[in-house]
Amino acid sequence: MLSQKTIDIVKSTAPVLEVKGTEITSVFYKNMFASHPELLDIFNHANQKRGRQQTALANTVYAAAKHIDQLEALLPAVKQIAHKHRSLGIKPEHYPIVGEHLLGAIKEVLGDAATDEIIGAWADAYGVIAGVFIDVEEQMYVEAESKEAGFRDFKPFVVAKKVKESDVITSFYLKPQDGEKVPSYNPGQYISVRVTIPGQKNTHIRQYSLSSAYNEEYFRISVKKEAEMDPNGIVSVFLHEEVQEGSVIEVSAPAGDFFLNQENREGKVALISGGVGITPMMSMLETIAEETPERPAAFIHASKNENVQAFRKDIDGLMDKLENGKACYILENPANVSLCHFSGYVNKEILSTYVDSETECYVCGPAPFMKAVIMTLKEIGLPEDKINFEFFGPAMDLSTV
Ligand code: HEM
């Protein structure tokens, strides 16, 4: 338990640290990687270069500090991050390393203003926050391990099949190398993939949504090849170009709190995606087609043009299985206008054709797309609890993108 004095100090200094947040976390990462270079095997170097992880970690530590006397209020946010941590293989012993370097960075940036009393209070608060994460993550490890064919950390998977889905998206069918089944997952969840790239000092980890309904034989991910110049593209380019059928990559157990809720099996549902955000939607649509084909479902997908649009045949095939399914393809620059329902960008007119205030909506895609869709859904009158979303990259406040 934290003393009232500690709570008061932490709450009163949180705003100061918030202002200096990005500066503090930049110093923190620089120093932490200098003394623990092995952590570069876990962190996404591209996010580091763009400062995105700095923002994510800073926001969370200060948000947690502001709510230090009512941490239960943060539990949904903690769980989302804990899913990511569990999928990355973060361990309890990593927390003191982060704590030491975070406090060191606060001292370095604030200088004399960071008195021993203030640093002491933050050390106590960090300990409490870290304890919450460690507990939630341990529960998640146990859950992942105790499922049928479940496992705790990463394990090797063989690329059984590689299928081109569009000019930029390729699917990888991944089977456990030990011949086991794959553990069950919820449609919408993701896995982490860890690869060793020749010539690179550190391993690289990326998360990819599972893009098919659960089956016990394989996981399927569908990866967009990013530009070779983009530091974030290093893993996707490696997967597309170097990883072949028969290659072995490491995979961790499915994770994530963005998934299809099948409790209301008759309720209207809309799966709304932009670009490669289509991947979790494929898993959801296949699941609806298999388990609740009577459920009214709209599949709305926006992409640049026909060449980069993936899964069109599969979606049309799944629509035939649904009693009340509607597909809507929006192409920004179609070569043939008759092959899409709308050309241009997603807008209120389009969305209100398929969605009303009762519809459970799932949204995934690049940040500007997500922002436009979420704002429009609110204008249409959807309550927040009907708008489920996930976007790729570190979770940042959508108002900042
Ligand atoms: C991701 C917060 C401890 C490693 C994140 C994210 C947040 C966060 C907000 C972004 C989540 C998302 O992308 O959805 C925190 C807080 C911590 C903590 C508040 C302490 C209380 C740790 C520790 C490690 C770690 C101890 C391991 C040394 C990572 C990694 C990512 C991540 C590798 C993925 C992003 C990337 O690769 O750049 N964390 N974290 N975190 N965290 Fe933590």
# chains A, B, ... in the order shown; residues from 1 in each chain; ligands from 1
>>> residues_around(residues="Pro183 in chain A", least_positions_apart="6", cutoff="12 Å", atoms="only C-alpha atoms", output="VMD selection string")
chain A and resid 143 to 152 175 to 176 191 214 to 219 252 to 255
>>> residues_around(residues="Glu294 in chain A", least_positions_apart="5", cutoff="9 Å", atoms="only C-alpha atoms", output="PyMOL selection string")
chain A and resi 265-266+288-289+322-325
>>> select_by_dssp(residues="range 219-383 of chain A", states="strand (DSSP E or B)", output="short mmCIF file (atom, residue, chain, number, x, y, z; two decimals) with N, CA, C and O atoms, in the first residue's frame")
data_model
loop_
_atom_site.label_atom_id
_atom_site.label_comp_id
_atom_site.auth_asym_id
_atom_site.auth_seq_id
_atom_site.Cartn_x
_atom_site.Cartn_y
_atom_site.Cartn_z
N PHE A 219 -2.04 -21.60 -38.08
CA PHE A 219 -2.34 -20.17 -37.98
C PHE A 219 -2.13 -19.61 -39.37
O PHE A 219 -1.19 -20.00 -40.06
N ARG A 220 -2.98 -18.65 -39.75
CA ARG A 220 -2.69 -17.94 -41.01
C ARG A 220 -2.52 -16.46 -40.69
O ARG A 220 -3.35 -15.86 -40.02
N ILE A 221 -1.43 -15.89 -41.19
CA ILE A 221 -1.27 -14.43 -41.12
C ILE A 221 -1.16 -13.92 -42.55
O ILE A 221 -0.73 -14.67 -43.44
N SER A 222 -1.57 -12.68 -42.78
CA SER A 222 -1.50 -12.11 -44.13
C SER A 222 -0.78 -10.77 -43.99
O SER A 222 -1.27 -9.86 -43.32
N VAL A 223 0.39 -10.71 -44.61
CA VAL A 223 1.32 -9.62 -44.31
C VAL A 223 1.44 -8.67 -45.49
O VAL A 223 1.61 -9.11 -46.63
N LYS A 224 1.35 -7.38 -45.20
CA LYS A 224 1.57 -6.38 -46.26
C LYS A 224 3.06 -6.09 -46.37
O LYS A 224 3.72 -5.88 -45.34
N VAL A 248 11.38 -21.92 -41.16
CA VAL A 248 10.89 -21.98 -39.78
C VAL A 248 11.00 -20.59 -39.15
O VAL A 248 12.04 -19.93 -39.27
N ILE A 249 9.91 -20.13 -38.53
CA ILE A 249 9.96 -18.87 -37.79
C ILE A 249 9.37 -19.11 -36.40
O ILE A 249 8.68 -20.11 -36.20
N GLU A 250 9.65 -18.22 -35.47
CA GLU A 250 9.12 -18.40 -34.12
C GLU A 250 7.83 -17.60 -33.94
O GLU A 250 7.72 -16.48 -34.44
N VAL A 251 6.91 -18.20 -33.20
CA VAL A 251 5.59 -17.59 -33.03
C VAL A 251 5.19 -17.70 -31.56
O VAL A 251 5.49 -18.70 -30.91
N ALA A 255 -3.01 -13.49 -28.88
CA ALA A 255 -3.24 -12.49 -27.83
C ALA A 255 -4.15 -11.39 -28.38
O ALA A 255 -4.38 -11.30 -29.58
N VAL A 269 -23.94 -6.82 -37.23
CA VAL A 269 -22.53 -6.58 -37.05
C VAL A 269 -21.95 -5.97 -38.35
O VAL A 269 -22.40 -6.31 -39.44
N ALA A 270 -21.01 -5.05 -38.21
CA ALA A 270 -20.33 -4.47 -39.38
C ALA A 270 -18.83 -4.58 -39.18
O ALA A 270 -18.31 -4.20 -38.13
N LEU A 271 -18.15 -5.14 -40.18
CA LEU A 271 -16.69 -5.27 -40.14
C LEU A 271 -16.14 -4.24 -41.12
O LEU A 271 -16.36 -4.35 -42.33
N ILE A 272 -15.46 -3.22 -40.59
CA ILE A 272 -15.07 -2.07 -41.42
C ILE A 272 -13.55 -1.96 -41.43
O ILE A 272 -12.92 -1.79 -40.37
N SER A 273 -12.94 -2.10 -42.61
CA SER A 273 -11.48 -2.08 -42.62
C SER A 273 -10.92 -1.25 -43.77
O SER A 273 -11.57 -1.04 -44.79
N GLY A 274 -9.68 -0.81 -43.56
CA GLY A 274 -8.95 -0.09 -44.60
C GLY A 274 -7.63 -0.82 -44.83
O GLY A 274 -6.97 -1.23 -43.87
N ALA A 297 -24.70 -9.33 -41.37
CA ALA A 297 -23.32 -8.86 -41.32
C ALA A 297 -22.96 -8.05 -42.55
O ALA A 297 -23.25 -8.45 -43.68
N ALA A 298 -22.34 -6.89 -42.32
CA ALA A 298 -21.84 -6.08 -43.44
C ALA A 298 -20.32 -6.11 -43.40
O ALA A 298 -19.72 -6.00 -42.32
N PHE A 299 -19.72 -6.27 -44.56
CA PHE A 299 -18.26 -6.26 -44.67
C PHE A 299 -17.89 -5.07 -45.54
O PHE A 299 -18.17 -5.06 -46.74
N ILE A 300 -17.31 -4.05 -44.92
CA ILE A 300 -17.01 -2.81 -45.66
C ILE A 300 -15.49 -2.68 -45.73
O ILE A 300 -14.83 -2.64 -44.69
N HIS A 301 -14.97 -2.63 -46.95
CA HIS A 301 -13.51 -2.59 -47.07
C HIS A 301 -13.07 -1.49 -48.03
O HIS A 301 -13.58 -1.40 -49.15
N ALA A 302 -12.14 -0.67 -47.58
CA ALA A 302 -11.62 0.41 -48.43
C ALA A 302 -10.17 0.10 -48.78
O ALA A 302 -9.39 -0.29 -47.91
N SER A 303 -9.83 0.25 -50.06
CA SER A 303 -8.42 0.11 -50.43
C SER A 303 -8.12 1.03 -51.61
O SER A 303 -9.03 1.66 -52.15
N GLY A 325 -25.94 -11.20 -45.62
CA GLY A 325 -24.62 -10.56 -45.64
C GLY A 325 -24.52 -9.55 -46.77
O GLY A 325 -25.12 -9.73 -47.84
N LYS A 326 -23.81 -8.47 -46.52
CA LYS A 326 -23.61 -7.46 -47.57
C LYS A 326 -22.14 -7.09 -47.62
O LYS A 326 -21.55 -6.76 -46.59
N ALA A 327 -21.56 -7.13 -48.82
CA ALA A 327 -20.17 -6.68 -48.96
C ALA A 327 -20.17 -5.32 -49.64
O ALA A 327 -21.01 -5.06 -50.51
N CYS A 328 -19.27 -4.46 -49.20
CA CYS A 328 -19.16 -3.14 -49.81
C CYS A 328 -17.69 -2.84 -50.05
O CYS A 328 -16.91 -2.79 -49.10
N TYR A 329 -17.32 -2.69 -51.30
CA TYR A 329 -15.92 -2.40 -51.63
C TYR A 329 -15.80 -0.93 -52.04
O TYR A 329 -16.52 -0.48 -52.94
N ILE A 330 -14.89 -0.24 -51.37
CA ILE A 330 -14.65 1.17 -51.69
C ILE A 330 -13.23 1.27 -52.24
O ILE A 330 -12.28 0.84 -51.57
N LEU A 331 -13.07 1.78 -53.43
CA LEU A 331 -11.73 1.92 -54.00
C LEU A 331 -11.42 3.40 -54.22
O LEU A 331 -12.24 4.13 -54.78
N PHE A 342 -18.33 1.88 -54.34
CA PHE A 342 -18.11 3.33 -54.24
C PHE A 342 -16.67 3.63 -54.61
O PHE A 342 -15.77 2.84 -54.29
N SER A 343 -16.44 4.78 -55.25
CA SER A 343 -15.05 5.18 -55.45
C SER A 343 -14.79 6.41 -54.58
O SER A 343 -15.71 7.17 -54.26
N GLU A 360 -23.17 -3.57 -34.03
CA GLU A 360 -21.88 -3.76 -33.36
C GLU A 360 -20.81 -3.59 -34.44
O GLU A 360 -20.80 -4.34 -35.43
N CYS A 361 -19.94 -2.58 -34.28
CA CYS A 361 -18.96 -2.29 -35.34
C CYS A 361 -17.55 -2.66 -34.91
O CYS A 361 -17.15 -2.43 -33.77
N TYR A 362 -16.80 -3.23 -35.84
CA TYR A 362 -15.38 -3.54 -35.63
C TYR A 362 -14.61 -2.78 -36.70
O TYR A 362 -14.95 -2.87 -37.88
N VAL A 363 -13.60 -2.02 -36.27
CA VAL A 363 -12.90 -1.14 -37.20
C VAL A 363 -11.39 -1.39 -37.10
O VAL A 363 -10.83 -1.44 -36.01
N CYS A 364 -10.74 -1.53 -38.25
CA CYS A 364 -9.29 -1.72 -38.24
C CYS A 364 -8.68 -1.16 -39.53
O CYS A 364 -9.21 -1.38 -40.61
#
>>> atom_distance(atom1="CA of Glu165 in chain A", atom2="CA of Gly275 in chain A")
12.3 Å
>>> residues_around(residues="His94 in chain A", least_positions_apart="6", cutoff="12 Å", atoms="only C-alpha atoms", output="list in words")
Met32, His36, Glu38, Leu39, Ile42, His85, Glu100, His101, Ala130, Gly131, Phe133 and Ile134 of chain A
>>> atom_distance(atom1="CA of Glu306 in chain A", atom2="CA of Pro334 in chain A")
6.4 Å
>>> closest_residue(among="A:Val109, A:Leu75, A:Leu103, A:Val136", to="Glu23 in chain A", atoms="only C-alpha atoms")
A:Val109
>>> residues_around(residues="Gly267 in chain A", least_positions_apart="4", cutoff="8 Å", atoms="only C-alpha atoms", output="PyMOL selection string")
chain A and resi 295-296+358-360
>>> write_last_selection(atoms="N, CA, C and O atoms", output="JSON list (two decimals), in the first residue's frame")
[["chain", "number", "residue", "atom", "x", "y", "z"],
["A", 295, "ARG", "N", -26.62, -14.37, -38.85],
["A", 295, "ARG", "CA", -26.37, -13.03, -38.25],
["A", 295, "ARG", "C", -26.23, -11.99, -39.37],
["A", 295, "ARG", "O", -25.42, -12.17, -40.29],
["A", 296, "PRO", "N", -27.00, -10.89, -39.31],
["A", 296, "PRO", "CA", -26.85, -9.85, -40.36],
["A", 296, "PRO", "C", -25.46, -9.21, -40.28],
["A", 296, "PRO", "O", -25.09, -8.68, -39.23],
["A", 358, "GLU", "N", -27.74, 0.47, -33.72],
["A", 358, "GLU", "CA", -27.79, -0.84, -33.06],
["A", 358, "GLU", "C", -26.65, -1.76, -33.48],
["A", 358, "GLU", "O", -26.49, -2.84, -32.91],
["A", 359, "THR", "N", -25.91, -1.37, -34.51],
["A", 359, "THR", "CA", -24.93, -2.30, -35.10],
["A", 359, "THR", "C", -23.65, -2.36, -34.28],
["A", 359, "THR", "O", -23.11, -1.33, -33.88],
["A", 360, "GLU", "N", -23.17, -3.57, -34.03],
["A", 360, "GLU", "CA", -21.88, -3.76, -33.36],
["A", 360, "GLU", "C", -20.81, -3.59, -34.44],
["A", 360, "GLU", "O", -20.80, -4.34, -35.43]]
>>> residues_around(residues="Lys378 in chain A", least_positions_apart="5", cutoff="10 Å", atoms="only C-alpha atoms", output="list of chain:residue names")
A:Ser357, A:Val373, A:Pro383, A:Glu384, A:Lys386, A:Ile387
>>> write_last_selection(atoms="all heavy atoms", output="mmCIF file, in the first residue's frame")
data_model
loop_
_atom_site.group_PDB
_atom_site.id
_atom_site.type_symbol
_atom_site.label_atom_id
_atom_site.label_comp_id
_atom_site.auth_asym_id
_atom_site.auth_seq_id
_atom_site.Cartn_x
_atom_site.Cartn_y
_atom_site.Cartn_z
ATOM 1 N N SER A 357 -27.612 2.678 -35.306
ATOM 2 C CA SER A 357 -27.099 2.821 -33.929
ATOM 3 C C SER A 357 -27.109 1.488 -33.157
ATOM 4 O O SER A 357 -26.557 1.389 -32.070
ATOM 5 C CB SER A 357 -27.917 3.880 -33.177
ATOM 6 O OG SER A 357 -29.258 3.497 -33.197
ATOM 7 N N VAL A 373 -13.497 6.968 -39.663
ATOM 8 C CA VAL A 373 -14.604 6.020 -39.470
ATOM 9 C C VAL A 373 -15.214 6.189 -38.072
ATOM 10 O O VAL A 373 -16.441 6.261 -37.921
ATOM 11 C CB VAL A 373 -14.133 4.559 -39.695
ATOM 12 C CG1 VAL A 373 -15.202 3.565 -39.258
ATOM 13 C CG2 VAL A 373 -13.756 4.335 -41.152
ATOM 14 N N PRO A 383 -23.276 4.388 -29.957
ATOM 15 C CA PRO A 383 -22.647 4.603 -28.657
ATOM 16 C C PRO A 383 -21.232 4.029 -28.673
ATOM 17 O O PRO A 383 -20.946 3.119 -29.458
ATOM 18 C CB PRO A 383 -23.532 3.815 -27.686
ATOM 19 C CG PRO A 383 -24.277 2.846 -28.528
ATOM 20 C CD PRO A 383 -24.330 3.384 -29.927
ATOM 21 N N GLU A 384 -20.367 4.583 -27.796
ATOM 22 C CA GLU A 384 -18.960 4.147 -27.827
ATOM 23 C C GLU A 384 -18.788 2.653 -27.639
ATOM 24 O O GLU A 384 -17.898 2.043 -28.221
ATOM 25 C CB GLU A 384 -18.160 4.890 -26.759
ATOM 26 C CG GLU A 384 -17.838 6.280 -27.252
ATOM 27 C CD GLU A 384 -16.797 7.020 -26.440
ATOM 28 O OE1 GLU A 384 -16.207 6.404 -25.541
ATOM 29 O OE2 GLU A 384 -16.607 8.208 -26.734
ATOM 30 N N LYS A 386 -20.335 0.333 -28.801
ATOM 31 C CA LYS A 386 -20.582 -0.472 -30.012
ATOM 32 C C LYS A 386 -19.463 -0.294 -31.045
ATOM 33 O O LYS A 386 -19.508 -0.849 -32.142
ATOM 34 C CB LYS A 386 -21.926 -0.094 -30.636
ATOM 35 C CG LYS A 386 -23.124 -0.514 -29.823
ATOM 36 C CD LYS A 386 -24.158 -1.163 -30.717
ATOM 37 C CE LYS A 386 -25.309 -1.764 -29.950
ATOM 38 N NZ LYS A 386 -25.037 -3.102 -29.451
ATOM 39 N N ILE A 387 -18.486 0.562 -30.714
ATOM 40 C CA ILE A 387 -17.392 0.798 -31.667
ATOM 41 C C ILE A 387 -16.130 0.127 -31.119
ATOM 42 O O ILE A 387 -15.511 0.599 -30.180
ATOM 43 C CB ILE A 387 -17.147 2.310 -31.868
ATOM 44 C CG1 ILE A 387 -18.458 3.015 -32.222
ATOM 45 C CG2 ILE A 387 -16.099 2.545 -32.955
ATOM 46 C CD1 ILE A 387 -18.339 4.531 -32.337
#
>>> closest_residue(among="A:Thr6, A:Thr287, A:Asn44, A:Gln309", to="ligand 1", atoms="only C-alpha atoms and all ligand atoms")
A:Asn44
>>> residues_around(residues="Leu318 in chain A", least_positions_apart="3", cutoff="8 Å", atoms="only C-alpha atoms", output="list in words")
Leu285, Glu286, Ala289, Asp314, Ile315, Lys321 and Leu322 of chain A
>>> write_last_selection(atoms="all heavy atoms", output="tab-separated table (two decimals), in the first residue's frame")
chain	number	residue	atom	x	y	z
A	285	LEU	N	-15.17	-12.68	-40.30
A	285	LEU	CA	-16.20	-13.03	-41.30
A	285	LEU	C	-16.28	-14.54	-41.49
A	285	LEU	O	-17.38	-15.11	-41.54
A	285	LEU	CB	-15.86	-12.34	-42.64
A	285	LEU	CG	-16.92	-12.50	-43.73
A	285	LEU	CD1	-18.24	-11.82	-43.34
A	285	LEU	CD2	-16.43	-11.94	-45.08
A	286	GLU	N	-15.14	-15.20	-41.54
A	286	GLU	CA	-15.15	-16.67	-41.68
A	286	GLU	C	-15.85	-17.31	-40.48
A	286	GLU	O	-16.59	-18.27	-40.63
A	286	GLU	CB	-13.71	-17.21	-41.75
A	286	GLU	CG	-13.08	-17.06	-43.12
A	286	GLU	CD	-11.72	-17.78	-43.20
A	286	GLU	OE1	-11.43	-18.69	-42.37
A	286	GLU	OE2	-10.95	-17.41	-44.08
A	289	ALA	N	-19.55	-16.87	-40.81
A	289	ALA	CA	-20.07	-17.77	-41.85
A	289	ALA	C	-20.17	-19.20	-41.31
A	289	ALA	O	-21.11	-19.93	-41.61
A	289	ALA	CB	-19.19	-17.71	-43.09
A	314	ASP	N	-12.63	-14.56	-51.81
A	314	ASP	CA	-13.00	-15.24	-50.55
A	314	ASP	C	-14.21	-14.57	-49.90
A	314	ASP	O	-15.11	-15.23	-49.40
A	314	ASP	CB	-11.83	-15.20	-49.55
A	314	ASP	CG	-10.58	-15.80	-50.11
A	314	ASP	OD1	-9.88	-15.10	-50.87
A	314	ASP	OD2	-10.30	-16.97	-49.84
A	315	ILE	N	-14.19	-13.22	-49.91
A	315	ILE	CA	-15.30	-12.50	-49.26
A	315	ILE	C	-16.61	-12.79	-50.01
A	315	ILE	O	-17.62	-13.11	-49.41
A	315	ILE	CB	-15.03	-10.98	-49.24
A	315	ILE	CG1	-13.77	-10.68	-48.45
A	315	ILE	CG2	-16.22	-10.22	-48.64
A	315	ILE	CD1	-13.18	-9.29	-48.69
A	321	LYS	N	-22.57	-17.74	-48.19
A	321	LYS	CA	-22.94	-18.62	-47.06
A	321	LYS	C	-23.81	-17.89	-46.03
A	321	LYS	O	-24.43	-18.51	-45.18
A	321	LYS	CB	-21.68	-19.12	-46.36
A	321	LYS	CG	-20.83	-20.02	-47.22
A	321	LYS	CD	-19.77	-20.65	-46.36
A	321	LYS	CE	-18.89	-21.55	-47.21
A	321	LYS	NZ	-17.66	-21.92	-46.54
A	322	LEU	N	-23.78	-16.54	-46.07
A	322	LEU	CA	-24.54	-15.77	-45.07
A	322	LEU	C	-25.98	-15.58	-45.54
A	322	LEU	O	-26.23	-15.36	-46.72
A	322	LEU	CB	-23.90	-14.40	-44.84
A	322	LEU	CG	-22.47	-14.36	-44.32
A	322	LEU	CD1	-22.03	-12.93	-44.08
A	322	LEU	CD2	-22.35	-15.16	-43.02
>>> closest_residue(among="A:Lys66, A:Lys348, A:Lys11, A:Lys155", to="Ala121 in chain A", atoms="only C-alpha atoms")
A:Lys11
>>> select_by_dssp(residues="range 294-397 of chain A", states="alpha helix (DSSP H)", output="PyMOL selection string")
chain A and resi 312-321+348-354+367-380
>>> closest_residue(among="A:Ile7, A:Ile90, A:Leu2, A:Ala65", to="Tyr141 in chain A", atoms="only C-alpha atoms")
A:Ile90
>>> closest_residue(among="A:Ser209, A:Ser352, A:Ser171, A:Gln244", to="Gly365 in chain A", atoms="only C-alpha atoms")
A:Ser209
